[in-house]
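Undergrad: Have a look at this one before I ask anything.
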Amino acid sequence: MNETTALTVLPRPFLKWAGGKTQLLQQYQPLFPPQFKNYYEPFLGGGAVFFYLFQEHSSGFKAVLSDVNEELINMYRCVQTDVEALIKELESHHRKHNPEYYYKIRAKKNRKPVKKAARIIYLNKTCFNGLYRENSKGEFNVPIGRYKNPTICNAELLRADSQALQWVKLEVRDFDKVLEEAKTDQDFVYFDPPYYPLSNTSQFTSYSRYNFKEEDQFRLRDVFAELASRGVKVMLSNSDCPFIRELYQEFPIHEVSAARSINSKGTHRGKISEVVVTSY
């Protein structure tokens, strides 16, 4: 990493992600705890909250970032430990990109971590709406998007993110494993689970083969409550609906306004209320 890159490029998400929190960070800012030593994010996704907190806390903190999606964690590990090789692979994808090449890569399986990571980033940058979605077999199944000149490789951003991830622990695991580590008021846990659906036509509760069901929402609430009882600072995002409000009625609930970013009809993309639950 050269000094120019470190000074001019701030770490931020390198992936497009359904439900990504970049647009909500300014509304979240007053809700974040001002001080903590250890940060845990069990539903990593695009990592917008982590990268934001990394910029804001000049004193630094230890972070454990996790997800059940093995492909996702592999990507972050490659950015963390082998970013130059990853950039080289993405530049190769950029040179070859066209519809035929997209579907060829989508159907291809890679075993080498860097090639796997580059494949998913390439598909993410060129697929329809930047939507990460797997079928029941764990196969990426989103069609190609209509982009004239997609940015497949932002090398400076990847290098900046690599620097931010140097002291981070990355794990493939279920969200309840955070109970094994977060135990004091020096710990901050942020949960961004697949949202509870607002209607029968909004059943996007999983971006991978691992469905997040109603019983998982109850299990998550129990984990939230257990952490809160220990004095851990806990924050959670979810749908603004009676089910979620009732589930977390004993905790402070805050409203934020988000834009719908993924919908098949452009006219149906607009502002929608979401909730943020805190233990403090």
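Just remember, in the structure tokens the first chain shown is A, the second B, etc., residues are 1-based per chain, and ligands are 1-based in the order shown.
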Could you find all residues in stretch 8-243 of chain A that DSSP calls strand (DSSP E or B) from the backbone, and write them as a tab-separated table (two decimals) with C-alpha atoms, in the first residue's frame?
TA:
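Result saved to result.tsv:
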```tsv
chain	number	residue	atom	x	y	z
A	38	ASN	CA	-14.32	-5.14	20.41
A	39	TYR	CA	-16.70	-5.15	17.44
A	40	TYR	CA	-18.69	-8.14	16.16
A	41	GLU	CA	-20.75	-8.28	12.97
A	62	LYS	CA	-10.61	-5.36	17.42
A	63	ALA	CA	-13.19	-6.80	15.02
A	64	VAL	CA	-14.65	-10.23	14.34
A	65	LEU	CA	-16.63	-10.32	11.09
A	66	SER	CA	-18.59	-13.44	10.20
A	67	ASP	CA	-21.27	-14.90	7.96
A	127	CYS	CA	-25.18	-9.15	-12.87
A	134	GLU	CA	-27.95	-18.64	-4.84
A	140	PHE	CA	-25.16	-18.27	-8.34
A	144	ILE	CA	-26.41	-10.52	-16.60
A	168	VAL	CA	-9.77	-8.39	11.55
A	169	LYS	CA	-10.77	-11.98	12.32
A	170	LEU	CA	-12.96	-13.45	9.56
A	171	GLU	CA	-15.09	-16.49	10.30
A	172	VAL	CA	-17.67	-18.71	8.57
A	187	ASP	CA	-18.14	-5.30	23.29
A	188	PHE	CA	-20.38	-3.96	20.51
A	189	VAL	CA	-22.43	-6.35	18.34
A	190	TYR	CA	-24.28	-5.22	15.21
A	191	PHE	CA	-26.86	-7.59	13.70
A	233	LYS	CA	-23.87	-3.03	23.49
A	234	VAL	CA	-26.16	-4.54	20.83
A	235	MET	CA	-27.70	-2.94	17.73
A	236	LEU	CA	-29.99	-4.63	15.20
A	237	SER	CA	-31.62	-3.61	11.90
A	238	ASN	CA	-34.85	-5.11	10.57
A	239	SER	CA	-38.20	-4.46	8.90
```
Undergrad: Give me the residues within 12 Å of stretch 20-25 of chain A as number ranges by chain, counting only C-alpha atoms and dropping any in the same chain fewer than 2 places off.
TA: A: 11-18, 27-32, 43-53, 56, 130-132, 190-195, 236-238, 255-262, 271-276
Undergrad: I need the chosen residues saved as a PDB file, in the first residue's frame, with C-alpha atoms.
TA:
```
ATOM      1  CA  PRO A  11     -12.362   2.060   3.012  1.00  0.00           C
ATOM      2  CA  ARG A  12     -15.936   1.332   1.980  1.00  0.00           C
ATOM      3  CA  PRO A  13     -17.868  -1.657   0.572  1.00  0.00           C
ATOM      4  CA  PHE A  14     -16.382  -3.158  -2.578  1.00  0.00           C
ATOM      5  CA  LEU A  15     -19.516  -5.223  -3.251  1.00  0.00           C
ATOM      6  CA  LYS A  16     -23.035  -4.284  -4.268  1.00  0.00           C
ATOM      7  CA  TRP A  17     -25.302  -5.860  -1.661  1.00  0.00           C
ATOM      8  CA  ALA A  18     -29.044  -6.274  -1.176  1.00  0.00           C
ATOM      9  CA  GLN A  27     -29.011   8.006  10.308  1.00  0.00           C
ATOM     10  CA  TYR A  28     -27.191   5.258  12.198  1.00  0.00           C
ATOM     11  CA  GLN A  29     -24.372   7.502  13.391  1.00  0.00           C
ATOM     12  CA  PRO A  30     -26.183   8.905  16.475  1.00  0.00           C
ATOM     13  CA  LEU A  31     -27.186   5.348  17.431  1.00  0.00           C
ATOM     14  CA  PHE A  32     -23.694   3.853  17.484  1.00  0.00           C
ATOM     15  CA  PHE A  43     -24.172 -10.932   9.223  1.00  0.00           C
ATOM     16  CA  LEU A  44     -21.321  -9.320   7.311  1.00  0.00           C
ATOM     17  CA  GLY A  45     -22.805  -8.763   3.848  1.00  0.00           C
ATOM     18  CA  GLY A  46     -21.260  -5.701   2.204  1.00  0.00           C
ATOM     19  CA  GLY A  47     -19.595  -4.571   5.434  1.00  0.00           C
ATOM     20  CA  ALA A  48     -20.731  -0.922   5.254  1.00  0.00           C
ATOM     21  CA  VAL A  49     -21.046  -0.516   9.028  1.00  0.00           C
ATOM     22  CA  PHE A  50     -17.620  -2.017   9.718  1.00  0.00           C
ATOM     23  CA  PHE A  51     -15.868   0.199   7.171  1.00  0.00           C
ATOM     24  CA  TYR A  52     -17.661   3.263   8.535  1.00  0.00           C
ATOM     25  CA  LEU A  53     -16.706   2.494  12.118  1.00  0.00           C
ATOM     26  CA  GLU A  56     -14.618   6.971  12.655  1.00  0.00           C
ATOM     27  CA  GLY A 130     -25.891  -6.357  -8.295  1.00  0.00           C
ATOM     28  CA  LEU A 131     -28.036  -8.996  -6.585  1.00  0.00           C
ATOM     29  CA  TYR A 132     -26.235 -11.858  -4.857  1.00  0.00           C
ATOM     30  CA  TYR A 190     -24.278  -5.223  15.209  1.00  0.00           C
ATOM     31  CA  PHE A 191     -26.855  -7.588  13.700  1.00  0.00           C
ATOM     32  CA  ASP A 192     -28.069  -7.057  10.128  1.00  0.00           C
ATOM     33  CA  PRO A 193     -30.035 -10.256   9.425  1.00  0.00           C
ATOM     34  CA  PRO A 194     -32.188 -11.031   6.402  1.00  0.00           C
ATOM     35  CA  TYR A 195     -35.213  -8.835   7.065  1.00  0.00           C
ATOM     36  CA  LEU A 236     -29.991  -4.635  15.197  1.00  0.00           C
ATOM     37  CA  SER A 237     -31.618  -3.609  11.896  1.00  0.00           C
ATOM     38  CA  ASN A 238     -34.847  -5.108  10.573  1.00  0.00           C
ATOM     39  CA  GLU A 255     -37.116   4.417  13.011  1.00  0.00           C
ATOM     40  CA  VAL A 256     -34.992   5.155   9.947  1.00  0.00           C
ATOM     41  CA  SER A 257     -35.968   5.804   6.340  1.00  0.00           C
ATOM     42  CA  ALA A 258     -34.414   3.664   3.610  1.00  0.00           C
ATOM     43  CA  ALA A 259     -34.685   3.575  -0.166  1.00  0.00           C
ATOM     44  CA  ARG A 260     -35.706   0.338  -1.837  1.00  0.00           C
ATOM     45  CA  SER A 261     -32.728  -0.596  -3.977  1.00  0.00           C
ATOM     46  CA  ILE A 262     -33.863  -3.916  -5.426  1.00  0.00           C
ATOM     47  CA  LYS A 271     -38.663   5.246   0.703  1.00  0.00           C
ATOM     48  CA  ILE A 272     -39.611   2.704   3.315  1.00  0.00           C
ATOM     49  CA  SER A 273     -39.424   2.745   7.104  1.00  0.00           C
ATOM     50  CA  GLU A 274     -37.053   0.366   8.865  1.00  0.00           C
ATOM     51  CA  VAL A 275     -36.283  -0.101  12.550  1.00  0.00           C
ATOM     52  CA  VAL A 276     -33.066  -0.135  14.529  1.00  0.00           C
TER      53      VAL A 276
END
```
Undergrad: Find the spatial neighbours of stretch 221-224 of chain A, counting only C-alpha atoms, within a cut-off of 8 Å - ignore same-chain residues fewer than 4 positions away - and output them as a PyMOL selection string.
TA: chain A and resi 176+179+217+228+234+247-248
Undergrad: Please produce an output containing C-alpha atoms for each residue in the selection, written as a short mmCIF file (atom, residue, chain, number, x, y, z; two decimals), in the first residue's frame.
TA:
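Full text of out08.cif as output:
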```cif
data_model
loop_
_atom_site.label_atom_id
_atom_site.label_comp_id
_atom_site.auth_asym_id
_atom_site.auth_seq_id
_atom_site.Cartn_x
_atom_site.Cartn_y
_atom_site.Cartn_z
CA ASP A 176 -25.24 -17.33 17.71
CA LEU A 179 -22.24 -15.53 22.46
CA GLN A 217 -35.86 -14.40 14.02
CA ALA A 228 -27.94 -7.29 26.47
CA VAL A 234 -26.16 -4.54 20.83
CA LEU A 247 -40.40 -9.22 19.24
CA TYR A 248 -38.17 -6.43 20.56
#
```
Undergrad: I'd like to know which residues of stretch 143-249 of chain A are alpha helix (DSSP H) (by DSSP, run on the backbone); could you write them as a VMD selection string?
TA: chain A and resid 155 to 164 214 to 229 242 to 247
Undergrad: Please dump the current selection as a compact mmCIF listing (two decimals), in the first residue's frame; keep N, CA and C atoms.
TA:
```txt
# COMPACT_ATOMS: atom_id res chain seq x y z
N ALA A 155 -9.09 -1.00 -8.08
CA ALA A 155 -7.89 -1.47 -7.39
C ALA A 155 -7.56 -0.65 -6.15
N GLU A 156 -7.70 0.68 -6.22
CA GLU A 156 -7.36 1.51 -5.07
C GLU A 156 -8.30 1.23 -3.89
N LEU A 157 -9.57 1.02 -4.16
CA LEU A 157 -10.52 0.71 -3.10
C LEU A 157 -10.20 -0.63 -2.47
N LEU A 158 -9.90 -1.63 -3.28
CA LEU A 158 -9.57 -2.95 -2.74
C LEU A 158 -8.33 -2.89 -1.85
N ARG A 159 -7.34 -2.07 -2.25
CA ARG A 159 -6.14 -1.93 -1.42
C ARG A 159 -6.45 -1.23 -0.10
N ALA A 160 -7.32 -0.21 -0.16
CA ALA A 160 -7.72 0.48 1.07
C ALA A 160 -8.48 -0.46 2.00
N ASP A 161 -9.39 -1.26 1.42
CA ASP A 161 -10.15 -2.22 2.23
C ASP A 161 -9.23 -3.29 2.80
N SER A 162 -8.23 -3.68 2.03
CA SER A 162 -7.26 -4.66 2.52
C SER A 162 -6.56 -4.14 3.77
N GLN A 163 -6.19 -2.87 3.74
CA GLN A 163 -5.53 -2.27 4.90
C GLN A 163 -6.47 -2.27 6.11
N ALA A 164 -7.74 -1.95 5.89
CA ALA A 164 -8.71 -1.91 6.99
C ALA A 164 -8.93 -3.29 7.60
N GLU A 214 -38.72 -17.74 10.22
CA GLU A 214 -39.29 -17.04 11.37
C GLU A 214 -38.70 -17.54 12.68
N GLU A 215 -38.46 -18.83 12.78
CA GLU A 215 -37.87 -19.35 14.01
C GLU A 215 -36.47 -18.81 14.24
N ASP A 216 -35.78 -18.46 13.13
CA ASP A 216 -34.45 -17.85 13.26
C ASP A 216 -34.56 -16.44 13.82
N GLN A 217 -35.64 -15.73 13.46
CA GLN A 217 -35.86 -14.40 14.02
C GLN A 217 -36.05 -14.50 15.54
N PHE A 218 -36.79 -15.51 16.00
CA PHE A 218 -36.96 -15.72 17.45
C PHE A 218 -35.61 -16.07 18.10
N ARG A 219 -34.86 -16.92 17.44
CA ARG A 219 -33.55 -17.31 17.98
C ARG A 219 -32.61 -16.11 18.06
N LEU A 220 -32.68 -15.25 17.06
CA LEU A 220 -31.87 -14.04 17.06
C LEU A 220 -32.26 -13.11 18.20
N ARG A 221 -33.57 -12.98 18.43
CA ARG A 221 -34.03 -12.15 19.54
C ARG A 221 -33.49 -12.66 20.87
N ASP A 222 -33.46 -13.98 21.03
CA ASP A 222 -32.94 -14.56 22.26
C ASP A 222 -31.45 -14.28 22.44
N VAL A 223 -30.71 -14.35 21.33
CA VAL A 223 -29.28 -14.03 21.38
C VAL A 223 -29.09 -12.55 21.74
N PHE A 224 -29.89 -11.69 21.12
CA PHE A 224 -29.86 -10.26 21.40
C PHE A 224 -30.09 -10.02 22.90
N ALA A 225 -31.13 -10.65 23.44
CA ALA A 225 -31.49 -10.46 24.85
C ALA A 225 -30.40 -10.97 25.78
N GLU A 226 -29.80 -12.10 25.44
CA GLU A 226 -28.73 -12.65 26.27
C GLU A 226 -27.52 -11.72 26.29
N LEU A 227 -27.15 -11.21 25.13
CA LEU A 227 -26.03 -10.27 25.07
C LEU A 227 -26.33 -9.01 25.88
N ALA A 228 -27.55 -8.50 25.73
CA ALA A 228 -27.94 -7.29 26.47
C ALA A 228 -27.87 -7.52 27.97
N SER A 229 -28.25 -8.72 28.42
CA SER A 229 -28.22 -9.02 29.86
C SER A 229 -26.79 -9.02 30.41
N PRO A 242 -45.25 -5.05 12.66
CA PRO A 242 -45.72 -5.45 13.99
C PRO A 242 -44.96 -6.63 14.58
N PHE A 243 -44.59 -7.60 13.75
CA PHE A 243 -43.88 -8.79 14.25
C PHE A 243 -42.56 -8.39 14.91
N ILE A 244 -41.75 -7.58 14.23
CA ILE A 244 -40.45 -7.18 14.77
C ILE A 244 -40.62 -6.25 15.96
N ARG A 245 -41.55 -5.33 15.88
CA ARG A 245 -41.78 -4.41 17.01
C ARG A 245 -42.21 -5.17 18.27
N GLU A 246 -43.03 -6.18 18.10
CA GLU A 246 -43.45 -6.97 19.25
C GLU A 246 -42.31 -7.83 19.78
N LEU A 247 -41.52 -8.36 18.86
CA LEU A 247 -40.40 -9.22 19.24
C LEU A 247 -39.40 -8.49 20.13
```
Undergrad: Can you work out the spacing between atom CA of A:Tyr147 and atom CA of A:Asn135 in Å, to one decimal?
TA: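 Interatomic distance, atom CA of A:Tyr147 to atom CA of A:Asn135: 23.8 Å.
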